[in-house]
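Source file final-v1.cif; content: mmCIF, C-alpha atoms and all ligand atoms.
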```
data_target
#
loop_
_atom_site.group_PDB
_atom_site.id
_atom_site.type_symbol
_atom_site.label_atom_id
_atom_site.label_comp_id
_atom_site.auth_asym_id
_atom_site.auth_seq_id
_atom_site.Cartn_x
_atom_site.Cartn_y
_atom_site.Cartn_z
ATOM 1 C CA MET A 348 18.252 17.168 -6.804
ATOM 2 C CA ARG A 349 17.017 14.005 -5.178
ATOM 3 C CA THR A 350 15.383 11.497 -7.530
ATOM 4 C CA CYS A 351 13.085 8.566 -6.891
ATOM 5 C CA ASN A 352 14.810 5.213 -6.448
ATOM 6 C CA ILE A 353 12.223 3.054 -8.179
ATOM 7 C CA ASP A 354 14.307 -0.140 -8.089
ATOM 8 C CA LYS A 355 14.913 0.119 -4.348
ATOM 9 C CA ASN A 356 11.293 1.035 -3.672
ATOM 10 C CA THR A 357 10.072 -1.885 -5.751
ATOM 11 C CA SER A 358 12.343 -4.321 -3.932
ATOM 12 C CA ASN A 359 10.710 -3.229 -0.640
ATOM 13 C CA CYS A 360 7.155 -3.288 -2.027
ATOM 14 C CA ASN A 361 4.827 -6.082 -0.912
ATOM 15 C CA CYS A 362 2.075 -5.202 -3.394
ATOM 16 C CA THR A 363 0.917 -8.209 -5.440
ATOM 17 C CA TYR A 364 -1.137 -6.217 -7.938
ATOM 18 C CA GLU A 365 1.341 -6.660 -10.771
ATOM 19 C CA PRO A 366 -0.163 -4.557 -13.581
ATOM 20 C CA CYS A 367 -0.017 -1.392 -11.449
ATOM 21 C CA PRO A 368 1.942 1.428 -13.154
ATOM 22 C CA ARG A 369 2.638 3.090 -9.762
ATOM 23 C CA LYS A 370 4.704 0.230 -8.360
ATOM 24 C CA GLY A 371 7.932 1.642 -6.944
ATOM 25 C CA ILE A 372 6.723 5.228 -7.303
ATOM 26 C CA CYS A 373 5.621 5.606 -3.705
ATOM 27 C CA CYS A 374 4.434 9.215 -3.940
ATOM 28 C CA ASP A 375 2.018 8.313 -6.763
ATOM 29 C CA CYS A 376 0.955 5.146 -4.929
ATOM 30 C CA LEU A 377 0.187 7.022 -1.724
ATOM 31 C CA ARG A 378 -1.722 9.791 -3.535
ATOM 32 C CA TYR A 379 -3.723 7.261 -5.580
ATOM 33 C CA HIS A 380 -4.928 5.370 -2.526
ATOM 34 C CA GLN A 381 -5.385 8.507 -0.439
ATOM 35 C CA ASN A 382 -7.792 9.808 -3.077
ATOM 36 C CA MET A 383 -9.843 6.628 -2.633
ATOM 37 C CA ASP A 384 -9.756 6.755 1.200
ATOM 38 C CA GLU A 385 -7.352 3.826 1.227
ATOM 39 C CA MET A 386 -3.838 3.017 2.350
ATOM 40 C CA PRO A 387 -1.039 1.603 0.153
ATOM 41 C CA ALA A 388 -0.277 -2.125 0.229
ATOM 42 C CA CYS A 389 2.824 -1.701 2.387
ATOM 43 C CA PHE A 390 0.674 -0.633 5.356
ATOM 44 C CA PHE A 391 -0.795 -4.137 5.526
ATOM 45 C CA PRO A 392 0.625 -7.569 6.300
ATOM 46 C CA ASP A 393 0.792 -9.909 3.302
ATOM 47 C CA TYR A 394 -2.330 -11.895 4.186
ATOM 48 C CA ILE A 395 -4.456 -8.731 4.086
ATOM 49 C CA GLU A 396 -2.589 -7.171 1.169
ATOM 50 C CA LYS A 397 -3.490 -10.077 -1.096
ATOM 51 C CA THR A 398 -7.213 -9.455 -0.498
ATOM 52 C CA TYR A 399 -6.752 -5.976 -2.056
ATOM 53 C CA ASP A 400 -8.847 -4.514 0.767
ATOM 54 C CA ARG A 401 -6.801 -1.366 1.319
ATOM 55 C CA SER A 402 -9.567 0.520 3.100
ATOM 56 C CA ILE A 403 -8.876 2.766 6.064
ATOM 57 C CA GLU A 404 -11.436 0.663 7.969
ATOM 58 C CA LYS A 405 -9.330 -2.449 7.407
ATOM 59 C CA PHE A 406 -6.192 -0.562 8.400
ATOM 60 C CA ILE A 407 -7.789 0.545 11.690
ATOM 61 C CA GLU A 408 -9.229 -2.921 12.316
ATOM 62 C CA TYR A 409 -5.839 -4.575 11.863
ATOM 63 C CA TYR A 410 -3.813 -2.122 13.930
ATOM 64 C CA SER A 411 -6.454 -1.943 16.680
ATOM 65 C CA ARG A 412 -6.196 -5.692 17.163
ATOM 66 C CA LYS A 413 -2.388 -5.606 17.165
ATOM 67 C CA LYS A 414 -2.223 -3.607 20.428
HETATM 68 S S1 LIG B 501 -0.461 -0.317 -3.422
HETATM 69 FE FE1 LIG B 501 -1.835 0.309 -5.066
HETATM 70 S S2 LIG B 501 -0.859 2.007 -6.168
HETATM 71 FE FE2 LIG B 501 0.668 1.005 -4.848
HETATM 72 S S3 LIG B 501 1.718 -0.414 -6.201
HETATM 73 FE FE3 LIG B 501 0.034 -1.543 -5.199
HETATM 74 S S4 LIG B 501 -1.776 -1.366 -6.519
HETATM 75 FE FE4 LIG B 501 -0.233 0.142 -7.164
#
```

As structure tokens - that is how I would like this structure written.
Ligand code: SF4
Amino acid sequence: MRTCNIDKNTSNCNCTYEPCPRKGICCDCLRYHQNMDEMPACFFPDYIEKTYDRSIEKFIEYYSRKK
């Protein structure tokens, strides 16, 4: 059975919210933010991530401008 590689996930995680208990547990992270109509930190560049605005509106705004 495949298990979660928390250490590897954490090493690839750009989230700066340090007290979060979901760090490195990507399935919980995704579900948590999905339930709040948000996206996880790793969907944003660092300068947006550090604002903690993980809204879908911000996600669309950023990726719309990128094209
Ligand atoms: S993106 Fe959200 S749920 Fe995921 S590690 Fe950061 S604060 Fe926690």

Using all atoms listed in the file, what are the residues with an atom within 9 Å of ligand LIG 501 (chain B), set out as a tab-separated table (two decimals) with C-alpha atoms, keeping the file's coordinate frame?
```tsv
chain	number	residue	atom	x	y	z
A	357	THR	CA	10.07	-1.88	-5.75
A	360	CYS	CA	7.16	-3.29	-2.03
A	361	ASN	CA	4.83	-6.08	-0.91
A	362	CYS	CA	2.08	-5.20	-3.39
A	363	THR	CA	0.92	-8.21	-5.44
A	364	TYR	CA	-1.14	-6.22	-7.94
A	365	GLU	CA	1.34	-6.66	-10.77
A	366	PRO	CA	-0.16	-4.56	-13.58
A	367	CYS	CA	-0.02	-1.39	-11.45
A	368	PRO	CA	1.94	1.43	-13.15
A	369	ARG	CA	2.64	3.09	-9.76
A	370	LYS	CA	4.70	0.23	-8.36
A	371	GLY	CA	7.93	1.64	-6.94
A	372	ILE	CA	6.72	5.23	-7.30
A	373	CYS	CA	5.62	5.61	-3.70
A	375	ASP	CA	2.02	8.31	-6.76
A	376	CYS	CA	0.96	5.15	-4.93
A	377	LEU	CA	0.19	7.02	-1.72
A	378	ARG	CA	-1.72	9.79	-3.54
A	379	TYR	CA	-3.72	7.26	-5.58
A	380	HIS	CA	-4.93	5.37	-2.53
A	386	MET	CA	-3.84	3.02	2.35
A	387	PRO	CA	-1.04	1.60	0.15
A	388	ALA	CA	-0.28	-2.12	0.23
A	389	CYS	CA	2.82	-1.70	2.39
A	390	PHE	CA	0.67	-0.63	5.36
A	396	GLU	CA	-2.59	-7.17	1.17
A	399	TYR	CA	-6.75	-5.98	-2.06
A	401	ARG	CA	-6.80	-1.37	1.32
```

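Across the model, the gap from CA of Lys355 in chain A to CA of Lys405 in chain A is 27.1 Å.
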
d(CA of Met383 in chain A, CA of Ser402 in chain A) in Å: 8.4 Å

Atom-to-atom span, CA of Asn359 in chain A and CA of Arg412 in chain A, Å: 24.7 Å

Give me range 380-391 of chain A with all heavy atoms filled in, as a PDB file, in the coordinates of the input.
```
ATOM      1  N   HIS A 380      -4.082   6.014  -3.542  1.00  0.00           N
ATOM      2  CA  HIS A 380      -4.928   5.370  -2.526  1.00  0.00           C
ATOM      3  C   HIS A 380      -5.550   6.390  -1.576  1.00  0.00           C
ATOM      4  O   HIS A 380      -6.682   6.212  -1.129  1.00  0.00           O
ATOM      5  CB  HIS A 380      -4.128   4.299  -1.777  1.00  0.00           C
ATOM      6  CG  HIS A 380      -3.943   3.068  -2.615  1.00  0.00           C
ATOM      7  ND1 HIS A 380      -4.967   2.203  -2.897  1.00  0.00           N
ATOM      8  CD2 HIS A 380      -2.857   2.596  -3.277  1.00  0.00           C
ATOM      9  CE1 HIS A 380      -4.529   1.232  -3.670  1.00  0.00           C
ATOM     10  NE2 HIS A 380      -3.253   1.448  -3.922  1.00  0.00           N
ATOM     11  N   GLN A 381      -4.831   7.447  -1.284  1.00  0.00           N
ATOM     12  CA  GLN A 381      -5.385   8.507  -0.439  1.00  0.00           C
ATOM     13  C   GLN A 381      -6.650   9.087  -1.076  1.00  0.00           C
ATOM     14  O   GLN A 381      -7.640   9.342  -0.389  1.00  0.00           O
ATOM     15  CB  GLN A 381      -4.343   9.601  -0.236  1.00  0.00           C
ATOM     16  CG  GLN A 381      -4.785  10.704   0.706  1.00  0.00           C
ATOM     17  CD  GLN A 381      -3.719  11.787   0.816  1.00  0.00           C
ATOM     18  OE1 GLN A 381      -2.997  12.071  -0.152  1.00  0.00           O
ATOM     19  NE2 GLN A 381      -3.604  12.372   1.982  1.00  0.00           N
ATOM     20  N   ASN A 382      -6.627   9.262  -2.376  1.00  0.00           N
ATOM     21  CA  ASN A 382      -7.792   9.808  -3.077  1.00  0.00           C
ATOM     22  C   ASN A 382      -8.991   8.860  -3.032  1.00  0.00           C
ATOM     23  O   ASN A 382     -10.118   9.277  -3.304  1.00  0.00           O
ATOM     24  CB  ASN A 382      -7.435  10.135  -4.532  1.00  0.00           C
ATOM     25  CG  ASN A 382      -6.588  11.382  -4.633  1.00  0.00           C
ATOM     26  OD1 ASN A 382      -6.572  12.216  -3.728  1.00  0.00           O
ATOM     27  ND2 ASN A 382      -5.851  11.516  -5.741  1.00  0.00           N
ATOM     28  N   MET A 383      -8.743   7.593  -2.733  1.00  0.00           N
ATOM     29  CA  MET A 383      -9.843   6.628  -2.633  1.00  0.00           C
ATOM     30  C   MET A 383     -10.115   6.238  -1.174  1.00  0.00           C
ATOM     31  O   MET A 383     -10.746   5.213  -0.914  1.00  0.00           O
ATOM     32  CB  MET A 383      -9.505   5.383  -3.457  1.00  0.00           C
ATOM     33  CG  MET A 383      -9.364   5.703  -4.940  1.00  0.00           C
ATOM     34  SD  MET A 383      -9.489   4.257  -5.982  1.00  0.00           S
ATOM     35  CE  MET A 383      -8.151   3.274  -5.369  1.00  0.00           C
ATOM     36  N   ASP A 384      -9.618   7.054  -0.237  1.00  0.00           N
ATOM     37  CA  ASP A 384      -9.756   6.755   1.200  1.00  0.00           C
ATOM     38  C   ASP A 384      -9.196   5.383   1.529  1.00  0.00           C
ATOM     39  O   ASP A 384      -9.808   4.586   2.250  1.00  0.00           O
ATOM     40  CB  ASP A 384     -11.224   6.852   1.658  1.00  0.00           C
ATOM     41  CG  ASP A 384     -11.731   8.280   1.632  1.00  0.00           C
ATOM     42  OD1 ASP A 384     -10.909   9.203   1.802  1.00  0.00           O
ATOM     43  OD2 ASP A 384     -12.940   8.478   1.433  1.00  0.00           O
ATOM     44  N   GLU A 385      -8.024   5.107   0.992  1.00  0.00           N
ATOM     45  CA  GLU A 385      -7.352   3.826   1.227  1.00  0.00           C
ATOM     46  C   GLU A 385      -5.912   4.075   1.668  1.00  0.00           C
ATOM     47  O   GLU A 385      -5.433   5.216   1.675  1.00  0.00           O
ATOM     48  CB  GLU A 385      -7.348   2.989  -0.063  1.00  0.00           C
ATOM     49  CG  GLU A 385      -8.721   2.560  -0.523  1.00  0.00           C
ATOM     50  CD  GLU A 385      -8.682   1.754  -1.803  1.00  0.00           C
ATOM     51  OE1 GLU A 385      -7.627   1.722  -2.479  1.00  0.00           O
ATOM     52  OE2 GLU A 385      -9.705   1.152  -2.150  1.00  0.00           O
ATOM     53  N   MET A 386      -5.253   2.989   2.008  1.00  0.00           N
ATOM     54  CA  MET A 386      -3.838   3.017   2.350  1.00  0.00           C
ATOM     55  C   MET A 386      -3.091   2.147   1.331  1.00  0.00           C
ATOM     56  O   MET A 386      -3.649   1.177   0.829  1.00  0.00           O
ATOM     57  CB  MET A 386      -3.615   2.437   3.749  1.00  0.00           C
ATOM     58  CG  MET A 386      -4.466   3.052   4.839  1.00  0.00           C
ATOM     59  SD  MET A 386      -3.990   4.734   5.237  1.00  0.00           S
ATOM     60  CE  MET A 386      -2.517   4.430   6.181  1.00  0.00           C
ATOM     61  N   PRO A 387      -1.817   2.439   1.059  1.00  0.00           N
ATOM     62  CA  PRO A 387      -1.039   1.603   0.153  1.00  0.00           C
ATOM     63  C   PRO A 387      -0.808   0.197   0.723  1.00  0.00           C
ATOM     64  O   PRO A 387      -0.908  -0.022   1.933  1.00  0.00           O
ATOM     65  CB  PRO A 387       0.297   2.343   0.034  1.00  0.00           C
ATOM     66  CG  PRO A 387       0.004   3.731   0.425  1.00  0.00           C
ATOM     67  CD  PRO A 387      -1.087   3.644   1.468  1.00  0.00           C
ATOM     68  N   ALA A 388      -0.479  -0.717  -0.152  1.00  0.00           N
ATOM     69  CA  ALA A 388      -0.277  -2.125   0.229  1.00  0.00           C
ATOM     70  C   ALA A 388       0.699  -2.300   1.375  1.00  0.00           C
ATOM     71  O   ALA A 388       0.507  -3.144   2.250  1.00  0.00           O
ATOM     72  CB  ALA A 388       0.230  -2.900  -0.990  1.00  0.00           C
ATOM     73  N   CYS A 389       1.752  -1.500   1.406  1.00  0.00           N
ATOM     74  CA  CYS A 389       2.824  -1.701   2.387  1.00  0.00           C
ATOM     75  C   CYS A 389       2.391  -1.391   3.820  1.00  0.00           C
ATOM     76  O   CYS A 389       3.138  -1.657   4.758  1.00  0.00           O
ATOM     77  CB  CYS A 389       4.057  -0.893   1.998  1.00  0.00           C
ATOM     78  SG  CYS A 389       3.749   0.865   1.783  1.00  0.00           S
ATOM     79  N   PHE A 390       1.185  -0.869   4.011  1.00  0.00           N
ATOM     80  CA  PHE A 390       0.674  -0.633   5.356  1.00  0.00           C
ATOM     81  C   PHE A 390      -0.017  -1.872   5.922  1.00  0.00           C
ATOM     82  O   PHE A 390      -0.478  -1.863   7.065  1.00  0.00           O
ATOM     83  CB  PHE A 390      -0.297   0.557   5.374  1.00  0.00           C
ATOM     84  CG  PHE A 390       0.405   1.889   5.340  1.00  0.00           C
ATOM     85  CD1 PHE A 390       0.922   2.400   4.167  1.00  0.00           C
ATOM     86  CD2 PHE A 390       0.562   2.627   6.505  1.00  0.00           C
ATOM     87  CE1 PHE A 390       1.573   3.620   4.143  1.00  0.00           C
ATOM     88  CE2 PHE A 390       1.217   3.847   6.487  1.00  0.00           C
ATOM     89  CZ  PHE A 390       1.728   4.342   5.305  1.00  0.00           C
ATOM     90  N   PHE A 391      -0.089  -2.934   5.111  1.00  0.00           N
ATOM     91  CA  PHE A 391      -0.795  -4.137   5.526  1.00  0.00           C
ATOM     92  C   PHE A 391       0.132  -5.347   5.509  1.00  0.00           C
ATOM     93  O   PHE A 391       1.050  -5.415   4.682  1.00  0.00           O
ATOM     94  CB  PHE A 391      -1.968  -4.406   4.576  1.00  0.00           C
ATOM     95  CG  PHE A 391      -3.011  -3.319   4.557  1.00  0.00           C
ATOM     96  CD1 PHE A 391      -2.985  -2.334   3.581  1.00  0.00           C
ATOM     97  CD2 PHE A 391      -4.004  -3.283   5.524  1.00  0.00           C
ATOM     98  CE1 PHE A 391      -3.940  -1.332   3.566  1.00  0.00           C
ATOM     99  CE2 PHE A 391      -4.964  -2.274   5.519  1.00  0.00           C
ATOM    100  CZ  PHE A 391      -4.934  -1.298   4.536  1.00  0.00           C
TER     101      PHE A 391
END
```
